[in-house]
file work_18.pdb (PDB, C-alpha atoms and all ligand atoms)
ATOM      1  CA  MET C   1      52.772 135.406 130.404
ATOM      2  CA  GLY C   2      54.545 132.388 128.983
ATOM      3  CA  ALA C   3      57.694 131.051 130.648
ATOM      4  CA  ASP C   4      60.981 131.493 128.719
ATOM      5  CA  ARG C   5      62.238 128.097 129.891
ATOM      6  CA  ILE C   6      60.682 124.889 131.115
ATOM      7  CA  GLU C   7      61.983 121.685 132.613
ATOM      8  CA  TYR C   8      60.532 118.608 131.044
ATOM      9  CA  LEU C   9      61.376 114.962 131.774
ATOM     10  CA  GLY C  10      65.041 115.645 132.513
ATOM     11  CA  PHE C  11      65.500 118.309 129.822
ATOM     12  CA  LEU C  12      65.709 122.065 129.938
ATOM     13  CA  ILE C  13      63.817 123.639 127.074
ATOM     14  CA  THR C  14      64.331 127.260 126.036
ATOM     15  CA  ALA C  15      63.550 129.300 122.932
ATOM     16  CA  GLU C  16      66.972 128.385 121.462
ATOM     17  CA  GLY C  17      66.731 124.653 121.954
ATOM     18  CA  SER C  18      66.982 121.892 124.527
ATOM     19  CA  ARG C  19      69.753 120.481 126.721
ATOM     20  CA  PRO C  20      70.097 118.047 129.635
ATOM     21  CA  LEU C  21      68.824 119.417 132.930
ATOM     22  CA  PRO C  22      71.783 120.839 134.931
ATOM     23  CA  GLU C  23      70.856 118.991 138.173
ATOM     24  CA  LYS C  24      70.789 115.657 136.354
ATOM     25  CA  VAL C  25      74.098 116.418 134.684
ATOM     26  CA  GLU C  26      75.585 117.339 138.069
ATOM     27  CA  ALA C  27      74.471 114.016 139.563
ATOM     28  CA  ILE C  28      76.114 112.053 136.759
ATOM     29  CA  ILE C  29      79.316 114.118 136.926
ATOM     30  CA  ASN C  30      79.611 113.271 140.635
ATOM     31  CA  TYR C  31      79.190 109.569 139.932
ATOM     32  CA  LYS C  32      82.108 107.675 141.475
ATOM     33  CA  LEU C  33      84.088 105.154 139.473
ATOM     34  CA  PRO C  34      81.739 102.114 139.396
ATOM     35  CA  SER C  35      83.220  99.216 141.308
ATOM     36  CA  THR C  36      81.034  96.357 140.023
ATOM     37  CA  ILE C  37      79.854  95.420 136.538
ATOM     38  CA  HIS C  38      76.313  96.117 137.709
ATOM     39  CA  ASP C  39      77.271  99.682 138.762
ATOM     40  CA  LEU C  40      78.953 100.291 135.427
ATOM     41  CA  ARG C  41      75.841  99.139 133.598
ATOM     42  CA  THR C  42      73.740 101.545 135.687
ATOM     43  CA  PHE C  43      76.117 104.418 134.899
ATOM     44  CA  LEU C  44      75.993 103.742 131.140
ATOM     45  CA  GLY C  45      72.197 103.580 131.348
ATOM     46  CA  LEU C  46      72.107 107.006 133.017
ATOM     47  CA  ILE C  47      74.467 108.651 130.586
ATOM     48  CA  ASN C  48      72.740 107.166 127.562
ATOM     49  CA  PHE C  49      69.497 108.818 128.533
ATOM     50  CA  TYR C  50      71.219 111.898 127.057
ATOM     51  CA  ARG C  51      72.883 110.068 124.187
ATOM     52  CA  SER C  52      71.477 112.311 121.455
ATOM     53  CA  TYR C  53      73.271 115.273 123.134
ATOM     54  CA  LEU C  54      76.651 113.543 123.204
ATOM     55  CA  LYS C  55      79.179 113.827 120.423
ATOM     56  CA  ASP C  56      80.991 110.572 119.498
ATOM     57  CA  ALA C  57      79.269 108.624 122.289
ATOM     58  CA  ALA C  58      79.770 105.239 120.612
ATOM     59  CA  LYS C  59      83.505 105.778 120.325
ATOM     60  CA  THR C  60      83.898 107.052 123.886
ATOM     61  CA  GLN C  61      81.842 104.221 125.388
ATOM     62  CA  ALA C  62      83.093 101.352 123.230
ATOM     63  CA  LEU C  63      85.678 100.073 125.731
ATOM     64  CA  LEU C  64      83.236 100.412 128.627
ATOM     65  CA  HIS C  65      80.600  98.343 126.838
ATOM     66  CA  GLU C  66      83.290  95.815 126.087
ATOM     67  CA  LEU C  67      83.616  95.276 129.865
ATOM     68  CA  LEU C  68      79.933  94.253 130.043
ATOM     69  CA  LYS C  69      80.199  91.740 127.224
ATOM     70  CA  GLY C  70      78.947  88.286 128.220
ATOM     71  CA  LYS C  71      78.313  89.370 131.822
ATOM     72  CA  LYS C  72      75.103  88.755 133.764
ATOM     73  CA  LYS C  73      72.736  91.682 134.267
ATOM     74  CA  LYS C  74      73.266  91.989 138.028
ATOM     75  CA  GLU C  75      76.890  90.873 137.955
ATOM     76  CA  ARG C  76      78.548  91.774 141.269
ATOM     77  CA  ARG C  77      82.079  91.069 140.089
ATOM     78  CA  LYS C  78      84.568  93.940 140.197
ATOM     79  CA  VAL C  79      85.296  95.940 137.065
ATOM     80  CA  PRO C  80      88.895  95.285 135.919
ATOM     81  CA  TRP C  81      89.685  98.977 135.357
ATOM     82  CA  THR C  82      92.673  99.963 133.228
ATOM     83  CA  ASP C  83      94.104 103.414 132.498
ATOM     84  CA  ASP C  84      92.252 103.479 129.172
ATOM     85  CA  THR C  85      88.850 102.476 130.507
ATOM     86  CA  ARG C  86      89.226 104.856 133.471
ATOM     87  CA  ARG C  87      89.970 107.678 131.003
ATOM     88  CA  ASN C  88      86.898 106.771 128.956
ATOM     89  CA  PHE C  89      84.730 106.816 132.060
ATOM     90  CA  GLU C  90      85.960 110.346 132.871
ATOM     91  CA  LYS C  91      85.442 111.420 129.263
ATOM     92  CA  CYS C  92      81.808 110.262 129.361
ATOM     93  CA  LYS C  93      81.292 112.663 132.240
ATOM     94  CA  THR C  94      83.115 115.654 130.740
ATOM     95  CA  ASP C  95      81.269 115.126 127.436
ATOM     96  CA  LEU C  96      78.000 115.295 129.313
ATOM     97  CA  ALA C  97      79.119 118.432 131.177
ATOM     98  CA  GLU C  98      79.817 120.006 127.796
ATOM     99  CA  ALA C  99      76.670 118.562 126.231
ATOM    100  CA  ALA C 100      75.563 120.547 123.231
ATOM    101  CA  LEU C 101      72.537 122.747 123.118
ATOM    102  CA  LEU C 102      70.362 121.097 120.505
ATOM    103  CA  SER C 103      68.355 123.354 118.222
ATOM    104  CA  PHE C 104      64.760 122.564 117.324
ATOM    105  CA  PRO C 105      64.449 121.318 113.752
ATOM    106  CA  ARG C 106      63.103 123.976 111.391
ATOM    107  CA  THR C 107      61.802 123.580 107.892
ATOM    108  CA  GLY C 108      63.170 125.487 104.904
ATOM    109  CA  ILE C 109      66.812 125.773 106.030
ATOM    110  CA  PRO C 110      69.765 123.619 104.913
ATOM    111  CA  LEU C 111      70.341 120.327 106.739
ATOM    112  CA  SER C 112      73.549 118.355 106.900
ATOM    113  CA  LEU C 113      74.340 114.889 108.184
ATOM    114  CA  CYS C 114      78.005 114.317 109.039
ATOM    115  CA  THR C 115      79.098 110.776 109.712
ATOM    116  CA  ASP C 116      82.376 109.531 111.058
ATOM    117  CA  ALA C 117      82.958 105.807 111.095
ATOM    118  CA  LEU C 118      85.737 104.110 112.965
ATOM    119  CA  TYR C 119      86.318 100.400 112.612
ATOM    120  CA  PHE C 120      84.082  99.632 115.590
ATOM    121  CA  ALA C 121      81.570 102.490 115.731
ATOM    122  CA  VAL C 122      79.650 105.027 113.701
ATOM    123  CA  ASP C 123      79.047 108.510 115.100
ATOM    124  CA  SER C 124      77.025 111.128 113.306
ATOM    125  CA  VAL C 125      75.482 114.531 113.812
ATOM    126  CA  LEU C 126      72.444 116.029 112.141
ATOM    127  CA  GLN C 127      72.815 119.801 111.840
ATOM    128  CA  GLN C 128      70.901 122.714 110.415
ATOM    129  CA  PHE C 129      72.261 126.021 109.135
ATOM    130  CA  GLU C 130      70.860 128.876 111.194
ATOM    131  CA  ASN C 131      72.158 132.365 112.036
ATOM    132  CA  ASP C 132      75.316 131.946 109.900
ATOM    133  CA  GLY C 133      76.427 128.671 111.402
ATOM    134  CA  TRP C 134      75.754 124.938 111.683
ATOM    135  CA  LYS C 135      73.839 124.027 114.828
ATOM    136  CA  PRO C 136      73.360 120.414 115.962
ATOM    137  CA  ILE C 137      69.840 119.000 116.105
ATOM    138  CA  ALA C 138      70.850 115.541 117.290
ATOM    139  CA  PHE C 139      73.808 113.207 117.636
ATOM    140  CA  TYR C 140      73.438 109.559 116.689
ATOM    141  CA  SER C 141      75.946 106.910 117.489
ATOM    142  CA  LYS C 142      76.147 103.187 117.286
ATOM    143  CA  LYS C 143      78.698 100.571 118.171
ATOM    144  CA  LEU C 144      78.976  97.993 115.408
ATOM    145  CA  ASN C 145      78.705  94.253 115.858
ATOM    146  CA  ASP C 146      81.125  91.898 114.071
ATOM    147  CA  THR C 147      78.955  91.434 110.960
ATOM    148  CA  GLN C 148      78.323  95.166 110.624
ATOM    149  CA  ARG C 149      82.043  95.846 110.999
ATOM    150  CA  ARG C 150      82.809  93.629 108.042
ATOM    151  CA  LYS C 151      80.260  95.449 105.899
ATOM    152  CA  THR C 152      81.264  98.970 106.866
ATOM    153  CA  LEU C 153      82.938 101.069 104.258
ATOM    154  CA  TRP C 154      85.678 102.808 106.182
ATOM    155  CA  CYS C 155      87.654 105.444 104.336
ATOM    156  CA  ASP C 156      90.865 107.296 104.957
ATOM    157  CA  ILE C 157      90.240 110.976 104.226
ATOM    158  CA  SER C 158      93.474 112.312 105.706
ATOM    159  CA  THR C 159      94.903 112.973 102.230
ATOM    160  CA  SER C 160      93.333 114.499  99.144
ATOM    161  CA  LYS C 161      92.801 110.967  97.800
ATOM    162  CA  ILE C 162      89.982 109.148  99.599
ATOM    163  CA  ARG C 163      91.019 105.540 100.092
ATOM    164  CA  PRO C 164      88.585 102.852 101.250
ATOM    165  CA  TYR C 165      89.687 100.288 103.807
ATOM    166  CA  THR C 166      89.652  96.819 102.280
ATOM    167  CA  PRO C 167      88.524  93.958 104.512
ATOM    168  CA  GLU C 168      90.526  90.746 104.300
ATOM    169  CA  GLU C 169      87.943  88.764 102.351
ATOM    170  CA  PHE C 170      88.078  91.250  99.451
ATOM    171  CA  ARG C 171      91.841  91.594  99.207
ATOM    172  CA  MET C 172      92.428  88.781  96.762
ATOM    173  CA  GLN C 173      89.742  90.216  94.469
ATOM    174  CA  MET C 174      91.284  93.684  94.732
ATOM    175  CA  PHE C 175      94.740  92.253  93.976
ATOM    176  CA  ARG C 176      93.386  90.493  90.872
ATOM    177  CA  GLN C 177      91.715  93.671  89.643
ATOM    178  CA  ILE C 178      94.866  95.744  89.993
ATOM    179  CA  HIS C 179      97.594  93.262  89.217
ATOM    180  CA  GLY C 180      95.589  91.389  86.577
ATOM    181  CA  PHE C 181      95.134  94.555  84.540
ATOM    182  CA  CYS C 182      98.634  94.551  83.068
ATOM    183  CA  HIS C 183     100.712  92.424  85.458
ATOM    184  CA  PRO C 184     103.141  94.995  86.839
ATOM    185  CA  GLY C 185     105.991  93.882  89.141
ATOM    186  CA  VAL C 186     105.678  93.335  92.904
ATOM    187  CA  LYS C 187     106.735  96.861  93.875
ATOM    188  CA  SER C 188     104.497  98.523  91.363
ATOM    189  CA  THR C 189     101.531  96.331  92.354
ATOM    190  CA  ILE C 190     101.993  97.280  96.021
ATOM    191  CA  LYS C 191     102.334 100.948  95.081
ATOM    192  CA  GLN C 192      99.177 100.931  92.996
ATOM    193  CA  ILE C 193      97.218  99.147  95.726
ATOM    194  CA  THR C 194      98.334 101.464  98.523
ATOM    195  CA  GLU C 195      97.562 104.503  96.391
ATOM    196  CA  LYS C 196      93.947 103.408  96.068
ATOM    197  CA  PHE C 197      93.161 101.335  99.165
ATOM    198  CA  ILE C 198      93.990 100.973 102.849
ATOM    199  CA  CYS C 199      95.137  97.417 103.500
ATOM    200  CA  PRO C 200      97.214  97.228 106.681
ATOM    201  CA  ASP C 201      99.926  94.537 106.788
ATOM    202  CA  MET C 202      99.322  93.517 103.242
ATOM    203  CA  LYS C 203     102.672  94.082 101.552
ATOM    204  CA  LYS C 204     103.989  90.591 102.238
ATOM    205  CA  GLN C 205     100.805  88.939 101.039
ATOM    206  CA  VAL C 206     100.682  91.013  97.840
ATOM    207  CA  GLY C 207     104.333  90.202  97.210
ATOM    208  CA  GLU C 208     103.587  86.494  97.457
ATOM    209  CA  TRP C 209     100.544  86.664  95.194
ATOM    210  CA  ALA C 210     102.449  88.657  92.600
ATOM    211  CA  LYS C 211     105.426  86.289  92.724
ATOM    212  CA  THR C 212     103.222  83.269  92.140
ATOM    213  CA  CYS C 213     101.132  84.820  89.376
ATOM    214  CA  MET C 214     101.074  82.316  86.466
ATOM    215  CA  ARG C 215     100.862  84.995  83.788
ATOM    216  CA  CYS C 216     103.897  86.833  85.198
ATOM    217  CA  GLU C 217     105.777  83.554  85.441
ATOM    218  CA  LYS C 218     105.161  82.785  81.771
ATOM    219  CA  CYS C 219     106.583  86.012  80.397
ATOM    220  CA  LYS C 220     109.149  86.583  83.096
ATOM    221  CA  VAL C 221     111.623  89.371  82.532
ATOM    222  CA  ASN C 222     114.367  89.829  85.106
ATOM    223  CA  ARG C 223     113.253  92.977  86.840
ATOM    224  CA  HIS C 224     116.326  93.400  89.016
ATOM    225  CA  THR C 225     118.951  93.963  86.349
ATOM    226  CA  LYS C 226     119.372  96.883  84.050
ATOM    227  CA  SER C 227     116.860  96.817  81.244
ATOM    228  CA  LYS C 228     118.227  94.956  78.272
ATOM    229  CA  PHE C 229     115.930  96.848  75.946
ATOM    230  CA  ASP C 230     117.531  99.889  74.427
ATOM    231  CA  GLY C 231     114.594 101.946  73.518
ATOM    232  CA  ARG C 232     110.912 102.548  73.536
ATOM    233  CA  SER C 233     108.717  99.997  71.783
ATOM    234  CA  ASP C 234     111.569  97.458  71.432
ATOM    235  CA  VAL C 235     109.447  94.998  73.376
ATOM    236  CA  VAL C 236     105.779  95.569  74.055
ATOM    237  CA  HIS C 237     103.792  93.007  76.011
ATOM    238  CA  MET C 238     100.176  92.771  74.998
ATOM    239  CA  ASP C 239      97.367  91.134  76.863
ATOM    240  CA  PHE C 240      93.687  90.788  76.495
ATOM    241  CA  ILE C 241      91.271  90.930  79.452
ATOM    242  CA  GLY C 242      87.534  90.417  79.809
ATOM    243  CA  PRO C 243      84.662  90.055  79.847
ATOM    244  CA  LEU C 244      84.371  93.010  82.224
ATOM    245  CA  PRO C 245      81.175  94.772  83.374
ATOM    246  CA  SER C 246      79.879  96.594  80.288
ATOM    247  CA  SER C 247      80.660 100.311  79.990
ATOM    248  CA  GLU C 248      79.330 102.217  76.982
ATOM    249  CA  GLY C 249      79.122  98.959  75.064
ATOM    250  CA  MET C 250      82.732  98.008  75.835
ATOM    251  CA  GLU C 251      83.361  94.756  77.633
ATOM    252  CA  TYR C 252      86.946  93.835  76.759
ATOM    253  CA  CYS C 253      90.292  95.521  77.053
ATOM    254  CA  LEU C 254      93.513  95.246  75.072
ATOM    255  CA  THR C 255      96.449  96.193  77.320
ATOM    256  CA  SER C 256      99.923  97.037  76.072
ATOM    257  CA  ILE C 257     102.958  97.702  78.240
ATOM    258  CA  ASP C 258     106.296  98.912  76.934
ATOM    259  CA  ARG C 259     109.087  97.028  78.745
ATOM    260  CA  TYR C 260     111.588  99.887  78.397
ATOM    261  CA  SER C 261     109.494 102.770  79.724
ATOM    262  CA  SER C 262     106.754 100.751  81.507
ATOM    263  CA  TRP C 263     104.215 102.894  79.684
ATOM    264  CA  ILE C 264     100.773 101.300  79.821
ATOM    265  CA  GLU C 265      97.866 101.714  77.435
ATOM    266  CA  ALA C 266      94.470 100.059  77.719
ATOM    267  CA  VAL C 267      92.131 100.054  74.735
ATOM    268  CA  PRO C 268      88.473  99.228  75.382
ATOM    269  CA  LEU C 269      86.857  96.926  72.836
ATOM    270  CA  PRO C 270      83.202  96.040  72.239
ATOM    271  CA  ALA C 271      82.101  92.434  72.744
ATOM    272  CA  GLU C 272      80.943  92.348  69.091
ATOM    273  CA  ILE C 273      84.483  92.694  67.648
ATOM    274  CA  VAL C 274      85.886  90.155  70.082
ATOM    275  CA  GLY C 275      82.982  87.813  69.374
ATOM    276  CA  LYS C 276      83.510  88.025  65.585
ATOM    277  CA  ALA C 277      87.244  87.376  65.881
ATOM    278  CA  PHE C 278      86.621  84.381  68.098
ATOM    279  CA  TYR C 279      83.865  83.062  65.826
ATOM    280  CA  ASN C 280      85.908  83.414  62.617
ATOM    281  CA  ASN C 281      89.176  82.089  64.001
ATOM    282  CA  TRP C 282      88.089  79.484  66.473
ATOM    283  CA  ILE C 283      84.513  78.303  66.165
ATOM    284  CA  CYS C 284      84.605  78.152  62.326
ATOM    285  CA  ARG C 285      87.922  76.357  62.268
ATOM    286  CA  PHE C 286      87.567  73.800  65.014
TER
HETATM  287 ZN    ZN J 301     100.914  88.704  87.019
END

call {"tool": "encode", "arguments": {"input": "work_18.pdb", "output": "structure tokens"}}
result
Amino acid sequence: MGADRIEYLGFLITAEGSRPLPEKVEAIINYKLPSTIHDLRTFLGLINFYRSYLKDAAKTQALLHELLKGKKKKERRKVPWTDDTRRNFEKCKTDLAEAALLSFPRTGIPLSLCTDALYFAVDSVLQQFENDGWKPIAFYSKKLNDTQRRKTLWCDISTSKIRPYTPEEFRMQMFRQIHGFCHPGVKSTIKQITEKFICPDMKKQVGEWAKTCMRCEKCKVNRHTKSKFDGRSDVVHMDFIGPLPSSEGMEYCLTSIDRYSSWIEAVPLPAEIVGKAFYNNWICRF
């Protein structure tokens, strides 16, 4: 008769799936707060043997790994524990105690990969749909290094509008895209940016860029007094932008903004029309 469960290299394997062996889990849960850097490294090594069973391991362990940064392998110096790092150490243990039962991968049923990225770590779970519910097959997590952090697309999904986080080096470009479209005022530029992107502490910077915009300066209208235009279409500012990346043969845009209502229209134009106008009125004449 076959056994209904076996222990194998630190794992308990049953018909439903696999999980960390209870004795091993027990030993880790009883692990005392490591006093030296070397002890902490040993603890993280032990717990990471079961990393694929742990949800959000990268996030939970991030501060603990931070303590090992730049330290020698057998460092005997004391760990400078804080309330936060102590809490993370305890959470590592409770997460292991609650470690998920991982199903065996099966073919022919739906799979899903859910990923959650924080600024410093990416945690994900691979699941399969069995017996009316999603069951985890494995957890993957990774702490990001500085270069990876800069390249990570981090999005805010707390509202119905998904807004990507914009790293500092792309902010000027993003400002130009949004403000340069039809040169709205400072407030409106900030509003449009924050509706589409997450850029912490950026209001002041955007305000300065908008205030020093040459185009805005040239056709300055006092935005703080009551509009001196009585009605729609009294004054319409027009601008011409491009070349832009081609979309359905259109590479240029004619923008019009009504000063009274602030209504904006953008008309896409093909490069051919713009080219002809430029050729006839510039190249042929000069
Ligand atoms: Zn401007």

call {"tool": "atom_distance", "arguments": {"input": "work_18.pdb", "atom1": "atom CA of C:Gln61", "atom2": "atom CA of C:Leu96"}}
result
12.4 Å

call {"tool": "residues_around", "arguments": {"input": "work_18.pdb", "residues": "stretch 127-143 of chain C", "least_positions_apart": "4", "cutoff": "9 Å", "atoms": "all atoms listed in the file", "output": "number ranges by chain"}}
result
C: 17, 51-59, 61-62, 100-106, 109-114, 120-123

call {"tool": "atom_distance", "arguments": {"input": "work_18.pdb", "atom1": "atom CA of C:Met238", "atom2": "atom CA of C:Gln173"}}
result
22.2 Å

call {"tool": "residues_around", "arguments": {"input": "work_18.pdb", "residues": "stretch 268-272 of chain C", "least_positions_apart": "2", "cutoff": "10 Å", "atoms": "only C-alpha atoms", "output": "list in words"}}
result
Phe240, Ile241, Gly242, Pro243, Leu244, Ser246, Ser247, Glu248, Gly249, Met250, Glu251, Tyr252, Cys253, Leu254, Thr255, Glu265, Ala266, Val274, Gly275, Lys276, Ala277 and Phe278 of chain C

call {"tool": "atom_distance", "arguments": {"input": "work_18.pdb", "atom1": "atom CA of C:Gly185", "atom2": "atom CA of C:Met172"}}
result
16.4 Å

call {"tool": "resolve_selection", "arguments": {"input": "work_18.pdb", "expression": "the PyMOL selection byres (((chain C and resi 190-199) around 9) and not hetatm)", "output": "PyMOL selection string"}}
result
chain C and resi 155-156+161-168+171+174-175+178-179+185-189+200-203+206-207

call {"tool": "resolve_selection", "arguments": {"input": "work_18.pdb", "expression": "the PyMOL selection byres (((chain C and resi 213) around 12) and not hetatm)", "output": "short mmCIF file (atom, residue, chain, number, x, y, z; two decimals) with C-alpha atoms, in the coordinates of the input"}}
result
data_model
loop_
_atom_site.label_atom_id
_atom_site.label_comp_id
_atom_site.auth_asym_id
_atom_site.auth_seq_id
_atom_site.Cartn_x
_atom_site.Cartn_y
_atom_site.Cartn_z
CA PHE C 175 94.74 92.25 93.98
CA ARG C 176 93.39 90.49 90.87
CA HIS C 179 97.59 93.26 89.22
CA GLY C 180 95.59 91.39 86.58
CA CYS C 182 98.63 94.55 83.07
CA HIS C 183 100.71 92.42 85.46
CA PRO C 184 103.14 95.00 86.84
CA GLY C 185 105.99 93.88 89.14
CA VAL C 186 105.68 93.34 92.90
CA THR C 189 101.53 96.33 92.35
CA VAL C 206 100.68 91.01 97.84
CA GLY C 207 104.33 90.20 97.21
CA GLU C 208 103.59 86.49 97.46
CA TRP C 209 100.54 86.66 95.19
CA ALA C 210 102.45 88.66 92.60
CA LYS C 211 105.43 86.29 92.72
CA THR C 212 103.22 83.27 92.14
CA MET C 214 101.07 82.32 86.47
CA ARG C 215 100.86 85.00 83.79
CA CYS C 216 103.90 86.83 85.20
CA GLU C 217 105.78 83.55 85.44
CA LYS C 218 105.16 82.78 81.77
CA CYS C 219 106.58 86.01 80.40
CA LYS C 220 109.15 86.58 83.10
#

call {"tool": "axis_aligned_box", "arguments": {"input": "work_18.pdb", "around": "stretch 41-52 of chain C", "padding_each_side": "3 Å", "output": "JSON"}}
result
{"center_x": 72.8, "center_y": 105.7, "center_z": 128.6, "size_x": 12.6, "size_y": 19.2, "size_z": 20.2}

call {"tool": "resolve_selection", "arguments": {"input": "work_18.pdb", "expression": "the PyMOL selection byres (((chain C and resi 66) around 12) and not hetatm)", "output": "VMD selection string"}}
result
chain C and resid 37 40 to 41 44 58 to 65 67 to 71 79 to 81 85 88 120 143 to 145
